[in-house]
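> Structure below; questions to follow.
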Amino acid sequence: MKNNAGSGAIYGIGVIGALVYFLQHAANFQEGILGIIKALFWPGVVLYKALELLKL
């Protein structure tokens with residue numbers, strides 16, 4: 001089980017980076033909430049698109 005922790009850490013760093021990016025560009029409260037939601041799903045979307053391009 002301890003060998004599988006690396007991917008979770010990378011996903012977490014991706015979420016934190018996306019959260020910082022989206023919150024910095026939010027102009028109001030609603031955009032901030034939308035940014036939080038986007039930050040949670042963004043790393044998964046990027047991974048999906050990367051695998052789609054690699055045809056895996």
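Scheme for the structure tokens: letters A, B, ... for chains in order shown; per-chain residue numbers from 1; ligand numbers from 1 in order shown.
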Excluding region 40-44 of chain A and its own-chain neighbours fewer than 6 positions away, which residues fall within 12 Å of it when counting only C-alpha atoms? Please give them as a list in words.

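Residues meeting the cut-off are Ser7, Gly8, Ala9, Ile10, Tyr11, Gly12, Ile13, Gly14, Val15, Ile16, Gly17, Ala18, Leu19, Val20, Tyr21, Phe22, Ile33, Leu34, Ala50 and Leu51 of chain A.
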
> Let's see if you can do this: from backbone DSSP, list all alpha helix (DSSP H) residues in chain A, as a PyMOL selection string.

chain A and resi 5-24+29-54

> Excluding Leu23 (chain A) and residues on its chain fewer than 6 positions from it, collect all residues at most 10 Å away from it, counting only C-alpha atoms, and give them as a list in words.

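What passes the distance filter is Phe29, Glu31, Gly32, Ile33, Leu34, Gly35, Ile36 and Ala39 of chain A.
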